[in-house]
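Colleague: Sharing upload_35.txt here; it has compact mmCIF, C-alpha atoms and all ligand atoms.
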```
# COMPACT_ATOMS: atom_id res chain seq x y z
CA MET A 26 -16.98 -15.32 -23.67
CA SER A 27 -15.49 -16.30 -20.37
CA HIS A 28 -12.02 -16.80 -19.10
CA ILE A 29 -9.98 -18.88 -16.70
CA VAL A 30 -6.55 -18.15 -15.29
CA LEU A 31 -4.34 -20.95 -14.05
CA LYS A 32 -1.04 -20.63 -12.26
CA LEU A 33 1.26 -23.43 -13.41
CA PRO A 34 4.88 -24.42 -12.82
CA LYS A 35 7.34 -23.47 -15.57
CA SER A 36 8.02 -27.10 -16.50
CA LYS A 37 4.36 -27.49 -17.34
CA LEU A 38 4.46 -24.46 -19.64
CA GLU A 39 6.98 -26.25 -21.88
CA THR A 40 4.82 -29.37 -22.00
CA MET A 41 1.86 -27.19 -22.89
CA LYS A 42 3.73 -25.40 -25.64
CA ALA A 43 4.67 -28.77 -27.15
CA HIS A 44 1.10 -29.97 -26.82
CA TYR A 45 -0.22 -26.97 -28.77
CA SER A 46 2.69 -26.89 -31.23
CA THR A 47 0.39 -27.13 -34.27
CA GLN A 48 -1.96 -24.43 -32.95
CA LEU A 49 0.53 -21.75 -31.94
CA LYS A 50 -0.16 -18.17 -32.95
CA ALA A 51 1.84 -14.95 -32.82
CA THR A 52 3.16 -14.49 -29.27
CA PRO A 53 2.02 -11.22 -27.68
CA ASN A 54 4.46 -9.01 -25.79
CA ASN A 55 5.59 -10.46 -22.47
CA ALA A 56 3.97 -13.81 -23.22
CA TYR A 57 5.72 -17.18 -23.40
CA PHE A 58 3.42 -18.54 -26.09
CA ALA A 59 -0.10 -18.20 -27.42
CA ALA A 60 -2.24 -20.83 -29.08
CA LYS A 61 -5.71 -21.03 -30.55
CA THR A 62 -7.95 -24.10 -30.28
CA PRO A 63 -11.53 -24.39 -31.54
CA SER A 64 -12.83 -23.62 -28.03
CA CYS A 65 -10.46 -20.93 -26.80
CA VAL A 66 -7.33 -18.83 -27.04
CA ILE A 67 -4.56 -19.71 -24.63
CA THR A 68 -1.91 -17.22 -23.56
CA ALA A 69 0.89 -18.39 -21.27
CA TYR A 70 3.24 -16.08 -19.40
CA LEU A 71 6.68 -16.82 -17.98
CA SER A 72 5.30 -16.04 -14.53
CA GLY A 73 3.38 -19.32 -14.88
CA LYS A 74 0.07 -17.58 -15.43
CA VAL A 75 -1.97 -19.08 -18.24
CA LEU A 76 -5.05 -17.39 -19.56
CA PHE A 77 -7.79 -19.38 -21.32
CA GLN A 78 -10.29 -17.18 -23.11
CA GLY A 79 -13.18 -18.03 -25.38
CA LYS A 80 -16.54 -19.75 -25.59
CA ASP A 81 -15.45 -22.84 -23.67
CA PRO A 82 -12.18 -22.24 -21.80
CA GLU A 83 -12.82 -25.13 -19.35
CA ALA A 84 -12.34 -27.66 -22.17
CA GLU A 85 -8.64 -26.77 -22.39
CA ALA A 86 -8.00 -25.47 -18.88
CA ASP A 87 -9.17 -28.72 -17.28
CA LYS A 88 -6.35 -30.56 -19.02
CA TRP A 89 -3.75 -28.57 -17.11
CA GLY A 90 -4.98 -27.61 -13.72
CA ASP A 91 -7.84 -27.33 -11.33
CA ALA A 92 -10.09 -24.82 -13.05
CA SER A 93 -12.32 -24.60 -9.98
CA LYS A 94 -9.52 -22.53 -8.45
CA LYS A 95 -9.61 -20.16 -11.39
CA GLU A 96 -8.65 -16.63 -10.30
CA ALA A 97 -11.34 -16.57 -7.64
CA LYS A 98 -8.75 -14.79 -5.52
CA PRO A 99 -7.90 -11.76 -7.66
CA LYS A 100 -11.56 -11.18 -8.45
CA LYS A 101 -12.58 -11.23 -4.84
CA GLN A 102 -9.73 -8.91 -3.93
CA GLU A 103 -10.55 -6.47 -6.69
CA HIS A 104 -14.14 -6.32 -5.52
CA GLY A 105 -13.10 -6.12 -1.87
CA TYR A 106 -11.29 -2.84 -2.52
CA HIS A 107 -14.56 -1.01 -3.00
CA PRO A 108 -15.94 0.35 0.28
CA PRO A 109 -19.28 -0.86 1.62
CA GLU A 110 -21.96 1.86 1.56
CA SER A 111 -22.03 1.77 5.39
CA LEU A 112 -18.46 3.09 5.59
CA PHE A 113 -19.49 6.62 4.58
CA THR A 114 -21.65 6.98 7.71
CA SER A 115 -19.23 5.24 10.11
CA SER A 116 -16.08 6.49 11.83
CA HIS A 117 -13.41 6.15 9.17
CA ILE A 118 -10.17 7.53 7.75
CA GLY A 119 -10.08 9.27 4.39
CA SER A 120 -6.94 10.13 2.41
CA ASP A 121 -6.29 12.44 -0.54
CA GLU A 122 -3.49 14.45 -2.10
CA ALA A 123 -2.82 17.75 -3.88
CA GLY A 124 -0.16 19.29 -6.09
CA THR A 125 0.44 16.29 -8.33
CA GLY A 126 -0.49 17.99 -11.60
CA ASP A 127 1.17 21.27 -10.69
CA TYR A 128 4.62 22.08 -12.03
CA PHE A 129 5.51 24.31 -9.08
CA GLY A 130 5.19 23.32 -5.46
CA PRO A 131 5.22 20.16 -3.37
CA ILE A 132 2.94 17.16 -3.44
CA THR A 133 0.92 17.13 -0.24
CA VAL A 134 -0.98 14.13 1.13
CA ALA A 135 -3.37 14.27 4.05
CA CYS A 136 -5.61 11.80 5.77
CA ALA A 137 -8.15 12.50 8.48
CA TYR A 138 -10.11 10.44 10.98
CA VAL A 139 -13.74 11.48 11.13
CA GLN A 140 -16.02 9.94 13.73
CA ASP A 141 -19.61 9.16 12.83
CA HIS A 142 -21.06 11.91 15.03
CA GLN A 143 -18.85 14.57 13.36
CA ILE A 144 -19.99 13.86 9.82
CA ASN A 145 -23.06 16.11 9.87
CA GLN A 146 -21.23 18.88 11.66
CA LEU A 147 -18.51 18.86 8.98
CA LYS A 148 -21.12 18.89 6.23
CA ALA A 149 -22.79 21.83 7.97
CA ILE A 150 -19.63 23.96 7.93
CA GLY A 151 -19.32 23.34 4.21
CA VAL A 152 -16.87 20.45 3.91
CA ARG A 153 -17.13 18.93 0.47
CA ASP A 154 -15.05 18.11 -2.56
CA SER A 155 -12.16 20.59 -2.48
CA LYS A 156 -12.21 20.84 -6.28
CA ASN A 157 -15.42 22.87 -5.93
CA LEU A 158 -13.95 25.24 -3.36
CA SER A 159 -11.92 28.41 -3.85
CA ASP A 160 -8.49 28.81 -2.23
CA PRO A 161 -9.77 31.20 0.49
CA GLN A 162 -12.66 28.81 1.25
CA ILE A 163 -10.21 25.95 1.56
CA THR A 164 -7.93 27.90 3.88
CA ASP A 165 -10.90 28.86 6.04
CA LEU A 166 -12.30 25.31 6.17
CA ALA A 167 -8.90 23.85 7.03
CA LYS A 168 -8.75 26.21 10.02
CA ARG A 169 -12.17 25.14 11.22
CA ILE A 170 -11.31 21.46 10.81
CA VAL A 171 -8.26 21.98 12.99
CA GLU A 172 -10.40 23.83 15.55
CA MET A 173 -12.75 20.84 15.68
CA LYS A 174 -9.70 18.78 16.65
CA ILE A 175 -10.25 16.28 13.84
CA PRO A 176 -7.18 14.02 14.01
CA TYR A 177 -5.19 14.16 10.79
CA SER A 178 -1.78 13.50 9.36
CA LEU A 179 -0.21 15.66 6.65
CA LEU A 180 2.89 14.93 4.60
CA ARG A 181 4.68 17.23 2.16
CA LEU A 182 7.09 15.99 -0.46
CA PRO A 183 9.50 18.89 -1.15
CA ASN A 184 10.43 19.35 -4.80
CA LYS A 185 14.08 18.58 -4.16
CA LYS A 186 13.18 15.16 -2.81
CA TYR A 187 10.58 14.66 -5.55
CA ASN A 188 13.17 15.29 -8.25
CA GLN A 189 15.65 12.92 -6.61
CA LEU A 190 13.08 10.14 -6.41
CA GLN A 191 11.94 10.81 -9.96
CA ARG A 192 15.50 10.40 -11.24
CA LYS A 193 15.82 7.22 -9.22
CA GLY A 194 12.98 5.85 -11.33
CA TRP A 195 10.07 6.43 -8.98
CA THR A 196 6.82 7.23 -10.75
CA GLN A 197 4.44 9.76 -9.27
CA GLY A 198 2.17 6.81 -8.54
CA LYS A 199 4.81 5.24 -6.36
CA MET A 200 5.53 8.50 -4.54
CA LYS A 201 1.84 9.01 -3.85
CA THR A 202 1.47 5.41 -2.69
CA ILE A 203 4.27 5.69 -0.16
CA LEU A 204 3.04 9.10 1.06
CA HIS A 205 -0.54 7.86 1.56
CA HIS A 206 0.74 4.76 3.30
CA GLN A 207 2.98 6.73 5.67
CA ALA A 208 0.30 9.32 6.40
CA ILE A 209 -2.21 6.58 7.27
CA GLU A 210 0.35 4.77 9.41
CA LYS A 211 1.00 7.96 11.40
CA LEU A 212 -2.69 8.68 11.84
CA LEU A 213 -3.46 5.13 12.99
CA GLN A 214 -0.80 5.57 15.69
CA LYS A 215 -2.20 8.97 16.63
CA ILE A 216 -5.74 7.73 17.23
CA GLU A 217 -4.77 4.55 19.09
CA PRO A 218 -6.39 2.65 20.78
CA GLU A 219 -9.31 3.78 18.66
CA LYS A 220 -9.72 1.79 15.43
CA PRO A 221 -11.45 3.17 12.35
CA LYS A 222 -14.18 1.14 10.61
CA GLY A 223 -12.12 1.43 7.48
CA ILE A 224 -9.65 3.54 5.52
CA LEU A 225 -10.67 5.06 2.21
CA ILE A 226 -8.12 6.31 -0.29
CA ASP A 227 -9.17 8.51 -3.17
CA GLN A 228 -8.09 6.14 -5.92
CA PHE A 229 -5.27 7.33 -8.19
CA SER A 230 -4.13 3.93 -9.50
CA GLN A 231 -5.35 0.37 -9.60
CA PRO A 232 -5.29 -1.10 -6.08
CA ASN A 233 -3.01 -3.92 -7.24
CA VAL A 234 -0.52 -1.32 -8.55
CA TYR A 235 -0.71 0.46 -5.19
CA GLN A 236 0.08 -2.87 -3.50
CA LYS A 237 2.94 -3.52 -5.91
CA HIS A 238 4.52 -0.17 -4.98
CA LEU A 239 4.14 -0.99 -1.29
CA ARG A 240 5.83 -4.36 -1.78
CA SER A 241 8.71 -2.71 -3.65
CA GLU A 242 9.38 -0.74 -0.46
CA LYS A 243 8.74 -3.77 1.79
CA GLN A 244 5.48 -2.35 3.08
CA SER A 245 2.06 -3.92 3.08
CA LEU A 246 -1.47 -2.64 3.05
CA GLN A 247 -3.08 -1.85 6.42
CA ASN A 248 -6.33 -3.59 7.36
CA ASP A 249 -9.64 -2.52 5.84
CA VAL A 250 -8.19 -0.21 3.20
CA TYR A 251 -10.59 0.67 0.40
CA PHE A 252 -10.16 2.56 -2.84
CA MET A 253 -12.62 4.43 -4.98
CA THR A 254 -12.44 7.20 -7.53
CA LYS A 255 -14.07 10.54 -6.67
CA ALA A 256 -14.15 9.32 -3.07
CA GLU A 257 -14.27 12.92 -1.78
CA SER A 258 -17.84 13.20 -3.08
CA TYR A 259 -18.95 10.21 -0.97
CA SER A 260 -16.78 10.33 2.11
CA ILE A 261 -16.51 13.34 4.41
CA ALA A 262 -13.22 11.96 5.74
CA VAL A 263 -11.72 11.98 2.23
CA ALA A 264 -13.15 15.48 1.69
CA VAL A 265 -11.44 16.59 4.92
CA GLY A 266 -8.19 14.99 3.76
CA SER A 267 -8.47 16.75 0.42
CA ILE A 268 -9.08 20.13 2.09
CA ILE A 269 -6.10 19.74 4.42
CA ALA A 270 -3.83 18.59 1.57
CA ARG A 271 -5.03 21.36 -0.72
CA SER A 272 -4.70 24.01 1.97
CA ALA A 273 -1.10 22.95 2.66
CA PHE A 274 -0.39 23.11 -1.06
CA VAL A 275 -1.90 26.61 -1.37
CA LYS A 276 0.13 27.72 1.63
CA ALA A 277 3.34 26.36 0.11
CA MET A 278 2.61 28.16 -3.16
CA ASN A 279 1.99 31.46 -1.36
CA GLN A 280 5.22 30.98 0.54
CA LEU A 281 7.05 30.36 -2.74
CA GLU A 282 5.75 33.63 -4.15
CA MET A 283 6.86 35.48 -1.04
CA ASP A 284 10.30 33.87 -1.01
CA THR A 285 10.99 34.52 -4.69
CA GLY A 286 9.02 37.71 -5.23
CA LEU A 287 7.76 36.12 -8.44
CA ASP A 288 4.42 34.96 -9.74
CA VAL A 289 4.09 31.20 -9.06
CA PRO A 290 0.97 29.92 -10.84
CA LYS A 291 -0.70 26.56 -10.21
CA GLY A 292 -1.17 23.95 -12.88
CA ALA A 293 1.11 23.29 -15.84
CA SER A 294 -0.10 25.65 -18.55
CA GLY A 295 1.67 28.19 -20.78
CA LYS A 296 1.43 30.69 -17.94
CA VAL A 297 3.51 28.26 -15.90
CA ASP A 298 6.13 28.05 -18.70
CA ARG A 299 6.52 31.83 -18.59
CA ALA A 300 6.76 31.85 -14.79
CA ALA A 301 9.42 29.12 -14.95
CA ALA A 302 11.37 31.20 -17.48
CA GLU A 303 11.23 34.13 -15.05
CA MET A 304 12.42 31.85 -12.26
CA ILE A 305 15.45 30.81 -14.34
CA ARG A 306 16.17 34.42 -15.32
CA HIS A 307 16.23 35.57 -11.68
CA TYR A 308 17.68 32.59 -9.85
CA GLY A 309 19.27 30.29 -12.45
CA GLU A 310 18.10 26.95 -13.72
CA GLU A 311 19.21 25.08 -10.60
CA LYS A 312 16.53 26.92 -8.61
CA LEU A 313 13.90 24.80 -10.38
CA GLU A 314 15.25 21.76 -8.51
CA GLU A 315 13.82 23.11 -5.27
CA VAL A 316 10.63 24.76 -6.50
CA ALA A 317 9.34 22.60 -9.38
CA LYS A 318 8.82 19.10 -10.73
CA VAL A 319 11.60 19.43 -13.26
CA HIS A 320 10.72 16.43 -15.45
CA PHE A 321 7.48 18.14 -16.52
CA ALA A 322 7.60 19.47 -20.11
CA ASN A 323 7.37 23.00 -18.67
CA THR A 324 11.13 23.00 -17.98
CA GLU A 325 12.07 22.60 -21.64
CA LYS A 326 9.38 25.04 -22.75
CA ALA A 327 10.64 27.63 -20.28
CA LYS A 328 14.21 27.29 -21.55
CA LYS A 329 13.03 27.89 -25.09
CA LEU A 330 11.39 31.11 -23.93
CA LEU A 331 14.69 32.50 -22.66
MN MN A 401 -7.66 12.76 -5.24
```
Could you rewrite the structure in this file as structure tokens?

Modeller:
Amino acid sequence: MSHIVLKLPKSKLETMKAHYSTQLKATPNNAYFAAKTPSCVITAYLSGKVLFQGKDPEAEADKWGDASKKEAKPKKQEHGYHPPESLFTSSHIGSDEAGTGDYFGPITVACAYVQDHQINQLKAIGVRDSKNLSDPQITDLAKRIVEMKIPYSLLRLPNKKYNQLQRKGWTQGKMKTILHHQAIEKLLQKIEPEKPKGILIDQFSQPNVYQKHLRSEKQSLQNDVYFMTKAESYSIAVAVGSIIARSAFVKAMNQLEMDTGLDVPKGASGKVDRAAAEMIRHYGEEKLEEVAKVHFANTEKAKKLL
């Protein structure tokens, strides 16, 4: 099985549909038409994209366009998002976030610029994946990172703003995208004229979705941006970013407990439902707007507890 994607003008799609009129099959969602020939299945989309899939897609694709140009571009791009091995040992920026799965507290995003000669030093003080570190360890490491004067940029998305954006139709993915992008932009300015060998983002969505979100806000990807999942286990810069983001999140949660005098647990479990119910009891439901991600199911569960 192989496949070819052609990008064709709309007028051609109609001609194609007529051509395959005796071989049409049920049209999938979002498609313009689908047809089945002995050599392949053809799915055409209103965007002009036509997908030829099967044992010999060229046989049909060649009738309609230059198959030598078949989606070489998207494939290359997709591959190009993965960092080269050499990046992990070079001076680079790493970016990560915290607080996204937690009902209470802000989303925090941090990126850091680590130079090649600092990598071993950071490893030596215990910098690693923040998921394997306790809150006090994270707080302590964040302090030491700051002492080492590692350049970083940290952004917090307060819950009030989060809830506004969420109601405007922003997904968490879009919020994270814009936060990472802005944090990186700020850090690049901070370290000028120095240029990193690359920028690695701990991947939370497909890179093309990340790019789509950027375009929707008229932004575009900086140079040499890479994505990979579990990046904090490979890149010390991402691990530093994750520690700074996490430490800011922990700090915000502690502050919330001090300000409200209530227990403010992390995560989104039943314990969180009960804490949210307490929050409503003491401060009213509107308080959640400024301390929680109100679209989480915890809000409704908390109200049922009252
Ligand atoms: Mn992450």

Colleague: Select the residues contacting ligand MN 401 (chain A) at a distance of at most 8 Å, based on all atoms listed in the file, then format the selection as number ranges by chain.

Modeller: A: 121-123, 227-229, 254-257, 267

Colleague: Rank nothing, just name the residue among A:Asp298, A:Glu242, A:Asp165, A:Asp81 nearest to His206 of chain A, using only C-alpha atoms.

Modeller: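 Of all the options, A:Glu242 lies closest to His206 of chain A.
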
Colleague: Please measure the separation of atom CA of Phe58 of chain A and atom CA of Lys237 of chain A, giving the value in Å to one decimal.

Modeller: 25.2 Å

Colleague: I want to know what sits within 7 Å of segment 326-329 of chain A, based on all atoms listed in the file, with residues of the same chain fewer than 2 positions away left out; could you give that as a list in words?

Modeller: Asp298, Arg299, Ala301, Ala302, Ala322, Asn323, Thr324 and Leu331 of chain A

Colleague: Could you tell me how far atom CA of Gly309 of chain A lies from atom CA of Leu190 of chain A, in Å and to one decimal?

Modeller: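 For atom CA of Gly309 of chain A relative to atom CA of Leu190 of chain A, the distance reads 21.9 Å.
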
Colleague: Just give me the gap between atom CA of Leu76 of chain A and atom CA of His107 of chain A in Å, one decimal is fine.

Modeller: 25.2 Å

Colleague: If we count all atoms listed in the file, what is near segment 177-180 of chain A at a cut-off of 8 Å, once residues fewer than 6 positions away on the same chain are taken out, given as a list of chain:residue names?

Modeller: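 Counting all atoms listed in the file, the residues come to A:Thr133, A:Val134, A:Ala135, A:Cys136, A:Ala137, A:Tyr138, A:Leu204, A:Ala208, A:Ile209, A:Lys211, A:Leu212, A:Gly266, A:Ile269, A:Ala270.
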
Colleague: With C-alpha atoms kept, could you save the residues just selected as a tab-separated table (two decimals), in the frame of the given file?

Modeller:
```
chain	number	residue	atom	x	y	z
A	133	THR	CA	0.92	17.13	-0.24
A	134	VAL	CA	-0.98	14.13	1.13
A	135	ALA	CA	-3.37	14.27	4.05
A	136	CYS	CA	-5.61	11.80	5.77
A	137	ALA	CA	-8.15	12.50	8.48
A	138	TYR	CA	-10.11	10.44	10.98
A	204	LEU	CA	3.04	9.10	1.06
A	208	ALA	CA	0.30	9.32	6.40
A	209	ILE	CA	-2.21	6.58	7.27
A	211	LYS	CA	1.00	7.96	11.40
A	212	LEU	CA	-2.69	8.68	11.84
A	266	GLY	CA	-8.19	14.99	3.76
A	269	ILE	CA	-6.10	19.74	4.42
A	270	ALA	CA	-3.83	18.59	1.57
```

Colleague: Could the centre and edge lengths of an axis-aligned box, enclosing all atoms of segment 42-51 of chain A in the file with 5 Å extra on each side, be given in Å to one decimal as JSON?

Modeller:
```
{"center_x": 1.4, "center_y": -22.5, "center_z": -30.0, "size_x": 16.6, "size_y": 25.0, "size_z": 18.6}
```

Colleague: Quick one: of A:Glu172, A:Asp249, A:Glu310, A:Asp288, who's nearest to Gly119 of chain A, counting all atoms listed in the file?

Modeller: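 Closest residue, counting all atoms listed in the file: A:Asp249.
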
Colleague: Given only C-alpha atoms as the basis, pick out the residue of A:Ile203, A:Ala149, A:Leu112, A:Val66 nearest to Lys222 of chain A.

Modeller: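 The closest residue to Lys222 of chain A is A:Leu112.
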
Colleague: Point out the residue among A:Ser230, A:Gln48, A:Asn188, A:Ser258 with the least atom-to-atom distance to Lys318 of chain A, counting all atoms listed in the file.

Modeller: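 For Lys318 of chain A, the nearest of the given residues is A:Asn188.
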
Colleague: What lies within 10 Å of Lys50 of chain A using all atoms listed in the file, ignoring chain neighbours under 2 positions off, as a PyMOL selection string?

Modeller: chain A and resi 45-48+52-53+58-61+66-68

Colleague: For each of A:Ala84, A:Val234, A:Val152, A:Val171, take the minimum atom-to-atom distance to Lys201 of chain A, counting only C-alpha atoms, then give the residue where this is smallest.

Modeller: A:Val234

Colleague: Which residue gives the smallest distance to Phe321 of chain A among A:Ile224, A:Gln197, A:Ala43, A:Pro34, with all atoms listed in the file counted?

Modeller: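 Looking only at the distances to Phe321 of chain A, the closest residue turns out to be A:Gln197.
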
Colleague: Identify the residues around (1.0, 23.4, -0.8) within a radius of 8 Å, measuring from all atoms listed in the file in the coordinates stated by the file, and give them as an MDAnalysis selection string.

Modeller: chainID A and resid 123:124 130:133 181 270:278

Colleague: Atoms to include: C-alpha atoms. Write the selected residues as a JSON list (two decimals), in the frame of the given file.

Modeller:
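part-v1.json written:
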```json
[["chain", "number", "residue", "atom", "x", "y", "z"],
["A", 123, "ALA", "CA", -2.82, 17.75, -3.88],
["A", 124, "GLY", "CA", -0.16, 19.29, -6.09],
["A", 130, "GLY", "CA", 5.19, 23.32, -5.46],
["A", 131, "PRO", "CA", 5.22, 20.16, -3.37],
["A", 132, "ILE", "CA", 2.94, 17.16, -3.44],
["A", 133, "THR", "CA", 0.92, 17.13, -0.24],
["A", 181, "ARG", "CA", 4.68, 17.23, 2.16],
["A", 270, "ALA", "CA", -3.83, 18.59, 1.57],
["A", 271, "ARG", "CA", -5.03, 21.36, -0.72],
["A", 272, "SER", "CA", -4.70, 24.01, 1.97],
["A", 273, "ALA", "CA", -1.10, 22.95, 2.66],
["A", 274, "PHE", "CA", -0.39, 23.11, -1.06],
["A", 275, "VAL", "CA", -1.90, 26.61, -1.37],
["A", 276, "LYS", "CA", 0.13, 27.72, 1.63],
["A", 277, "ALA", "CA", 3.34, 26.36, 0.11],
["A", 278, "MET", "CA", 2.61, 28.16, -3.16]]
```

Colleague: Counting all atoms listed in the file, note down every residue that has an atom within 12 Å of the point (-21.4, 15.1, 15.2) (file coordinates), as a PDB file with C-alpha atoms, in the coordinates of the input.

Modeller:
```
ATOM      1  CA  THR A 114     -21.650   6.980   7.710  1.00  0.00           C
ATOM      2  CA  SER A 115     -19.230   5.240  10.110  1.00  0.00           C
ATOM      3  CA  SER A 116     -16.080   6.490  11.830  1.00  0.00           C
ATOM      4  CA  VAL A 139     -13.740  11.480  11.130  1.00  0.00           C
ATOM      5  CA  GLN A 140     -16.020   9.940  13.730  1.00  0.00           C
ATOM      6  CA  ASP A 141     -19.610   9.160  12.830  1.00  0.00           C
ATOM      7  CA  HIS A 142     -21.060  11.910  15.030  1.00  0.00           C
ATOM      8  CA  GLN A 143     -18.850  14.570  13.360  1.00  0.00           C
ATOM      9  CA  ILE A 144     -19.990  13.860   9.820  1.00  0.00           C
ATOM     10  CA  ASN A 145     -23.060  16.110   9.870  1.00  0.00           C
ATOM     11  CA  GLN A 146     -21.230  18.880  11.660  1.00  0.00           C
ATOM     12  CA  LEU A 147     -18.510  18.860   8.980  1.00  0.00           C
ATOM     13  CA  LYS A 148     -21.120  18.890   6.230  1.00  0.00           C
ATOM     14  CA  ALA A 149     -22.790  21.830   7.970  1.00  0.00           C
ATOM     15  CA  ILE A 150     -19.630  23.960   7.930  1.00  0.00           C
ATOM     16  CA  MET A 173     -12.750  20.840  15.680  1.00  0.00           C
ATOM     17  CA  ILE A 175     -10.250  16.280  13.840  1.00  0.00           C
ATOM     18  CA  ILE A 261     -16.510  13.340   4.410  1.00  0.00           C
TER      19      ILE A 261
END
```

Colleague: I'd like the neighbourhood of Gly292 of chain A as a PyMOL selection string, where a residue qualifies if any of its atoms comes within 8 Å (using only C-alpha atoms), though same-chain residues fewer than 2 positions away should be ignored.

Modeller: chain A and resi 126-129+290+294+297

Colleague: Restore N, CA and C atoms in segment 207-223 of chain A and list the result as a CSV table (one decimal), in the frame of the given file.

Modeller:
```csv
chain,number,residue,atom,x,y,z
A,207,GLN,N,2.3,6.2,4.5
A,207,GLN,CA,3.0,6.7,5.7
A,207,GLN,C,2.0,7.6,6.5
A,208,ALA,N,1.2,8.4,5.7
A,208,ALA,CA,0.3,9.3,6.4
A,208,ALA,C,-0.7,8.5,7.2
A,209,ILE,N,-1.2,7.4,6.6
A,209,ILE,CA,-2.2,6.6,7.3
A,209,ILE,C,-1.6,5.9,8.5
A,210,GLU,N,-0.4,5.4,8.3
A,210,GLU,CA,0.4,4.8,9.4
A,210,GLU,C,0.5,5.7,10.6
A,211,LYS,N,0.8,7.0,10.3
A,211,LYS,CA,1.0,8.0,11.4
A,211,LYS,C,-0.3,8.2,12.1
A,212,LEU,N,-1.4,8.4,11.3
A,212,LEU,CA,-2.7,8.7,11.8
A,212,LEU,C,-3.2,7.5,12.7
A,213,LEU,N,-3.0,6.3,12.2
A,213,LEU,CA,-3.5,5.1,13.0
A,213,LEU,C,-2.8,5.1,14.4
A,214,GLN,N,-1.5,5.5,14.4
A,214,GLN,CA,-0.8,5.6,15.7
A,214,GLN,C,-1.4,6.7,16.6
A,215,LYS,N,-1.7,7.8,15.9
A,215,LYS,CA,-2.2,9.0,16.6
A,215,LYS,C,-3.5,8.7,17.3
A,216,ILE,N,-4.4,7.9,16.7
A,216,ILE,CA,-5.7,7.7,17.2
A,216,ILE,C,-5.8,6.5,18.1
A,217,GLU,N,-4.8,5.7,18.2
A,217,GLU,CA,-4.8,4.6,19.1
A,217,GLU,C,-5.3,4.9,20.5
A,218,PRO,N,-6.0,4.0,21.2
A,218,PRO,CA,-6.4,2.6,20.8
A,218,PRO,C,-7.6,2.6,19.9
A,219,GLU,N,-8.1,3.7,19.5
A,219,GLU,CA,-9.3,3.8,18.7
A,219,GLU,C,-9.0,3.2,17.3
A,220,LYS,N,-9.9,2.4,16.8
A,220,LYS,CA,-9.7,1.8,15.4
A,220,LYS,C,-10.8,2.2,14.5
A,221,PRO,N,-10.4,2.7,13.3
A,221,PRO,CA,-11.4,3.2,12.4
A,221,PRO,C,-12.2,2.0,11.8
A,222,LYS,N,-13.4,2.2,11.3
A,222,LYS,CA,-14.2,1.1,10.6
A,222,LYS,C,-13.6,0.8,9.3
A,223,GLY,N,-12.8,1.7,8.8
A,223,GLY,CA,-12.1,1.4,7.5
A,223,GLY,C,-11.3,2.6,7.1
```
